[in-house]
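A quick write-up on the structure given underneath.
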Amino acid sequence: MPSSNQFSATEPAELSTVAAEDDVQAHWNRVIKRRSFLKGMTIAGAAAVPGSALFASGAAASDSARLTDGDAAILRFLAAAELIESDLWEQYTELGGVSVNGKSDGESPGVPAGGGNAPYVAALTSIDGDMPQYITDNTDDEFSHAAFLNAYLEAHGRRKVDLDEFRNLPSSTATGARNKGRLTNLMNLNVDTSWYTRYRSTANVDFGASSFAQLLTIKHQPAIPTNKADEQNSARIQAIANTAAFHFAFIEQGGSSLYTTLLQQASSVEVLRIVASIGGTEVDHFSLWHDKVSTAVAPPNNVTDPVTHLAFPDLSSNTDELKQTNLILPEPCTFISPALPKVSVIRPSSTANSGAVAAVNAFTDDNLFDGQPPSFFRKLMELAEAADAARRDV
Ligand SMILES: [Fe+2]
Ligand SMILES: [Fe+2]
């Protein structure tokens, strides 16, 4: 069915109107037919359909009729991103999270018992006493995001995203790490710290700014203890915990921009609600971790890693606006037009700078997938390109 904007501007107005009316009628016929089908399915055989409980309400049924290919592509890429987030946060939790009587403190199925590496927990706690709890809670959130997005896709007749064939990367051999295949590698990271100066700047990469300075350069550095030797070296384990703190914020600021970008391409109100609501949680995570890095660059945590020689500076008394540690709320910046007043916003929020392909590239530059085969990158990039190609269709 052609959409109204496919009619030529030179077409006679009367003909266009008749055709548009036919168009609307055909659309309604399809909606009614689809609703009748869903209603019948709910009554007669809902139990046979995965996730069919979501169809129980009329609202869910009508929204299911509006799940476009573009919406499905957006949700599929986000499901992949959440599986990746879940995998990395799972590793952080095993070593540095919390457990209750040796069990997971998370609500979501699959969240492991945490805090298995006492020196790492101590180093994280030196940054903030609540770090282990926050790590477990962030992990719980990511597991819930992945499970929800995949269940929603299946409930709407779409394939869920499965990355299990790529869970082959090695685990850490430090105390507390389970020996299982991983999607992500946290033991050789390049952590981009430019988000720190980006959120303190009044410039916006979507509207003219070129790039932002790194706060510090973190290259080929572990964010979890890689082996038992790491956990026995106090400066080394603190540098590893500090790296993790910066990595937490890097990951979650990326999620904040990714969701803000993709929601502009959603068609159904329900998908818009999902992307906005999960995206809000990513922003919440980012804000938390942004606050926590301030004590990773202050005494007594500003150590130098004796193995990699990565040196954390002492920024505790720095008053340079791009480095001051308590300026954790987004500085107003250029947005939409330089002619408009500067405004405090999530940035960037454009396909080029923070869409799905940009997210895959950022994860890859982070060395998060160090050791994955080309087929993994191909699969992820296919999902990303489909999501970026989605267009709002209302
Ligand atoms: Fe998430
Ligand atoms: Fe996240």
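A note on labels: chains of the structure tokens are A, B, ... as shown, every chain counts residues from 1, and ligands are counted from 1 in their shown order.
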For this session: Would you return as a PyMOL selection string the members of segment 125-346 of chain A that DSSP assigns to strand (DSSP E) on this structure's backbone?
Result: chain A and resi 189-191+218-221
Show which residues sit within 12 Å of Ser234 of chain A, as a compact mmCIF listing (two decimals) with N, CA and C atoms, in the first residue's frame. Count only C-alpha atoms, and ignore same-chain residues fewer than 5 positions away.
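Okay, selection-v6.txt is ready:
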# COMPACT_ATOMS: atom_id res chain seq x y z
N ALA A 118 37.68 -11.06 46.92
CA ALA A 118 37.73 -10.11 48.05
C ALA A 118 38.64 -8.90 47.78
N PRO A 119 39.85 -9.07 47.22
CA PRO A 119 40.68 -7.87 46.98
C PRO A 119 40.03 -6.90 45.99
N TYR A 120 39.35 -7.44 44.97
CA TYR A 120 38.66 -6.58 43.99
C TYR A 120 37.50 -5.85 44.66
N VAL A 121 36.74 -6.57 45.49
CA VAL A 121 35.64 -5.93 46.23
C VAL A 121 36.20 -4.81 47.12
N ALA A 122 37.33 -5.07 47.77
CA ALA A 122 37.93 -4.06 48.66
C ALA A 122 38.34 -2.83 47.85
N ALA A 123 38.92 -3.05 46.67
CA ALA A 123 39.36 -1.91 45.83
C ALA A 123 38.16 -1.12 45.32
N LEU A 124 37.11 -1.83 44.93
CA LEU A 124 35.89 -1.14 44.49
C LEU A 124 35.27 -0.36 45.66
N SER A 126 36.78 0.92 48.07
CA SER A 126 37.59 2.11 48.35
C SER A 126 37.12 3.30 47.50
N PRO A 225 40.28 -8.41 37.69
CA PRO A 225 41.54 -9.14 37.88
C PRO A 225 41.59 -10.31 36.91
N ALA A 229 47.60 -13.54 40.47
CA ALA A 229 48.69 -12.59 40.75
C ALA A 229 48.13 -11.17 40.85
N ALA A 239 44.14 -0.14 40.47
CA ALA A 239 44.11 0.40 39.09
C ALA A 239 43.06 -0.35 38.26
N ILE A 240 42.92 -1.64 38.49
CA ILE A 240 41.92 -2.45 37.78
C ILE A 240 40.51 -1.99 38.18
N ALA A 241 40.31 -1.77 39.47
CA ALA A 241 38.98 -1.31 39.95
C ALA A 241 38.68 0.10 39.41
N PRO A 300 42.87 7.90 48.31
CA PRO A 300 44.12 7.15 48.11
C PRO A 300 44.09 6.28 46.86
N ASN A 301 43.12 6.51 45.97
CA ASN A 301 42.94 5.57 44.85
C ASN A 301 43.71 5.93 43.58
N VAL A 303 46.35 5.59 42.00
CA VAL A 303 47.57 4.77 41.96
C VAL A 303 48.12 4.70 40.53
N THR A 304 49.30 4.14 40.42
CA THR A 304 49.87 3.77 39.12
C THR A 304 49.94 2.24 39.06
N ASP A 305 49.40 1.67 37.98
CA ASP A 305 49.43 0.22 37.83
C ASP A 305 50.88 -0.23 37.61
N PRO A 306 51.42 -1.09 38.50
CA PRO A 306 52.83 -1.49 38.36
C PRO A 306 53.09 -2.36 37.14
N VAL A 307 52.06 -2.91 36.52
CA VAL A 307 52.26 -3.78 35.35
C VAL A 307 52.13 -2.98 34.06
Problem set entry | Among the residues A:Thr125, A:Gln264, A:Asn367, A:Asn190, the one that comes closest to Lys292 of chain A [using only C-alpha atoms] |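 Nearest to Lys292 of chain A: A:Thr125.
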Exercise. Atom CA of His309 of chain A to atom CA of Arg236 of chain A: how many Å, to one decimal?
Worked result: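 We find that atom CA of His309 of chain A and atom CA of Arg236 of chain A lie 9.4 Å from each other.
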For this session: Find the residues around Lys323 of chain A up to 9 Å (only C-alpha atoms counted), leave out those fewer than 3 positions away in its own chain, and share them as a list of chain:residue names.
Result: A:Tyr196, A:Thr197, A:Arg200, A:Leu215, A:Leu315, A:Asn318, A:Thr319, A:Asp320, A:Asn326, A:Leu327
For this session: Point out the residue among A:Pro373, A:Pro330, A:Gly129, A:Gly279 with the least atom-to-atom distance to ligand 2, counting only C-alpha atoms and all ligand atoms.
Result: A:Gly279
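Residue neighbourhood of Leu169 of chain A, excluding near-sequence residues (fewer than 5 positions): Lys180, Gly181, Arg182, Leu183, Thr184, Asn185, Phe369, Asp370, Gly371 and Gln372 of chain A, at 9 Å, using only C-alpha atoms.
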For this session: Write out as a ChimeraX atom specification the residues lying within 8 Å of Thr68 of chain A, counting only C-alpha atoms and excluding same-chain residues fewer than 4 positions away.
Result: /A:72,267-268
Would you mind exporting C-alpha atoms of the selected residues as a PDB file, in the first residue's frame?
ATOM      1  CA  ALA A  72      11.440  -4.982  15.118  1.00  0.00           C
ATOM      2  CA  SER A 267       6.832   3.932  14.921  1.00  0.00           C
ATOM      3  CA  SER A 268       4.461   2.406  17.455  1.00  0.00           C
TER       4      SER A 268
END
Problem set entry | Cut-off 9 Å, only C-alpha atoms and all ligand atoms, neighbours of ligand 2 as a list in words |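 Listed by chain and ascending number, the contacts are Ala81, Glu82, Glu85, Ser86, Trp89, Asn138, Thr139, Asp141, Glu142, His145, Phe248, Ile251, Glu252, Gln253, Gly254, Gly255, Ser256, Ile278, Gly279, Thr281, Glu282, Val283, His285 and Phe286 of chain A.
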Exercise. Got a sec: who's within 9 Å of Asp105 of chain A, counting only C-alpha atoms, leaving out chain neighbours fewer than 5 positions off, as number ranges by chain?
Worked result: A: 97-100, 111-114, 133, 136-137, 140
Could you save those same residues with C-alpha atoms as an mmCIF file, in the first residue's frame?
data_model
loop_
_atom_site.group_PDB
_atom_site.id
_atom_site.type_symbol
_atom_site.label_atom_id
_atom_site.label_comp_id
_atom_site.auth_asym_id
_atom_site.auth_seq_id
_atom_site.Cartn_x
_atom_site.Cartn_y
_atom_site.Cartn_z
ATOM 1 C CA GLY A 97 29.116 -7.589 43.205
ATOM 2 C CA VAL A 98 27.237 -8.794 46.267
ATOM 3 C CA SER A 99 25.628 -12.072 47.230
ATOM 4 C CA VAL A 100 23.129 -12.948 49.922
ATOM 5 C CA VAL A 111 22.231 -13.064 37.630
ATOM 6 C CA PRO A 112 25.094 -14.809 39.444
ATOM 7 C CA ALA A 113 26.043 -14.649 43.088
ATOM 8 C CA GLY A 114 28.605 -11.888 43.370
ATOM 9 C CA GLN A 133 25.517 -3.351 45.447
ATOM 10 C CA THR A 136 24.809 -6.268 41.123
ATOM 11 C CA ASP A 137 21.814 -3.984 40.593
ATOM 12 C CA ASP A 140 20.094 -7.236 37.290
#
Problem set entry | Selection: 9 Å around segment 348-357 of chain A, only C-alpha atoms, excl. self and same-chain fewer than 4 positions, as a list of chain:residue names | A:Ile74, A:Phe77, A:Leu78, A:Ala81, A:Asn204, A:Val205, A:Asp206, A:Gly254, A:Ser256, A:Ser257, A:Leu258, A:Tyr259, A:Thr260, A:Thr261, A:Leu262, A:Asn361, A:Ala362, A:Leu380, A:Met381, A:Leu383, A:Ala384, A:Glu385, A:Ala386, A:Ala387, A:Asp388
For the selection you just gave me, I'd like the residues written to a file as a short mmCIF file (atom, residue, chain, number, x, y, z; two decimals), in the first residue's frame, keeping C-alpha atoms.
data_model
loop_
_atom_site.label_atom_id
_atom_site.label_comp_id
_atom_site.auth_asym_id
_atom_site.auth_seq_id
_atom_site.Cartn_x
_atom_site.Cartn_y
_atom_site.Cartn_z
CA ILE A 74 15.32 -1.45 16.57
CA PHE A 77 19.58 -4.53 17.93
CA LEU A 78 18.75 -3.33 21.43
CA ALA A 81 23.20 -4.72 22.95
CA ASN A 204 27.91 19.14 20.93
CA VAL A 205 29.38 16.74 18.39
CA ASP A 206 25.97 16.56 16.66
CA GLY A 254 26.76 4.82 25.38
CA SER A 256 21.98 6.59 27.13
CA SER A 257 22.86 7.99 23.70
CA LEU A 258 21.92 4.81 21.81
CA TYR A 259 18.39 4.67 23.23
CA THR A 260 17.91 8.41 22.78
CA THR A 261 18.93 8.02 19.14
CA LEU A 262 16.87 4.96 18.26
CA ASN A 361 32.17 0.63 16.50
CA ALA A 362 32.53 2.10 20.00
CA LEU A 380 26.27 -7.60 15.02
CA MET A 381 26.77 -5.18 12.14
CA LEU A 383 21.57 -6.07 13.24
CA ALA A 384 23.01 -2.56 13.66
CA GLU A 385 22.53 -1.54 10.02
CA ALA A 386 18.93 -2.75 10.06
CA ALA A 387 18.23 -0.74 13.22
CA ASP A 388 19.84 2.42 11.84
#
For this session: Compare A:Ile224, A:Ala266, A:Ile328, A:Val343 by their minimum atom-to-atom distance to Ala249 of chain A, counting only C-alpha atoms, and give me the closest one.
Result: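 So, comparing all the options, the nearest one is A:Ile328.
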For this session: Mind listing the helix (DSSP H, G or I) residues of segment 124-348 of chain A, per DSSP on the backbone, as a PyMOL selection string?
Result: chain A and resi 124-127+131-155+164-166+194-198+205-207+228-231+234-265+269-295
Problem set entry | Atomic distance atom CA of Thr243 of chain A - atom CA of Ala223 of chain A, expressed in Å with one decimal |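 Interatomic distance, atom CA of Thr243 of chain A to atom CA of Ala223 of chain A: 5.2 Å.
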Exercise. Between atom CA of Cys333 of chain A and atom CA of Ala203 of chain A, what is the distance, to one decimal in Å?
Worked result: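 Atom-to-atom, atom CA of Cys333 of chain A to atom CA of Ala203 of chain A, that is 5.4 Å.
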Exercise. For ligand 1, which residue out of A:Phe143, A:Phe250, A:Phe212, A:Phe207 is the nearest one, using only C-alpha atoms and all ligand atoms?
Worked result: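 Ranking A:Phe143, A:Phe250, A:Phe212, A:Phe207 by distance to ligand 1, first place goes to A:Phe143.
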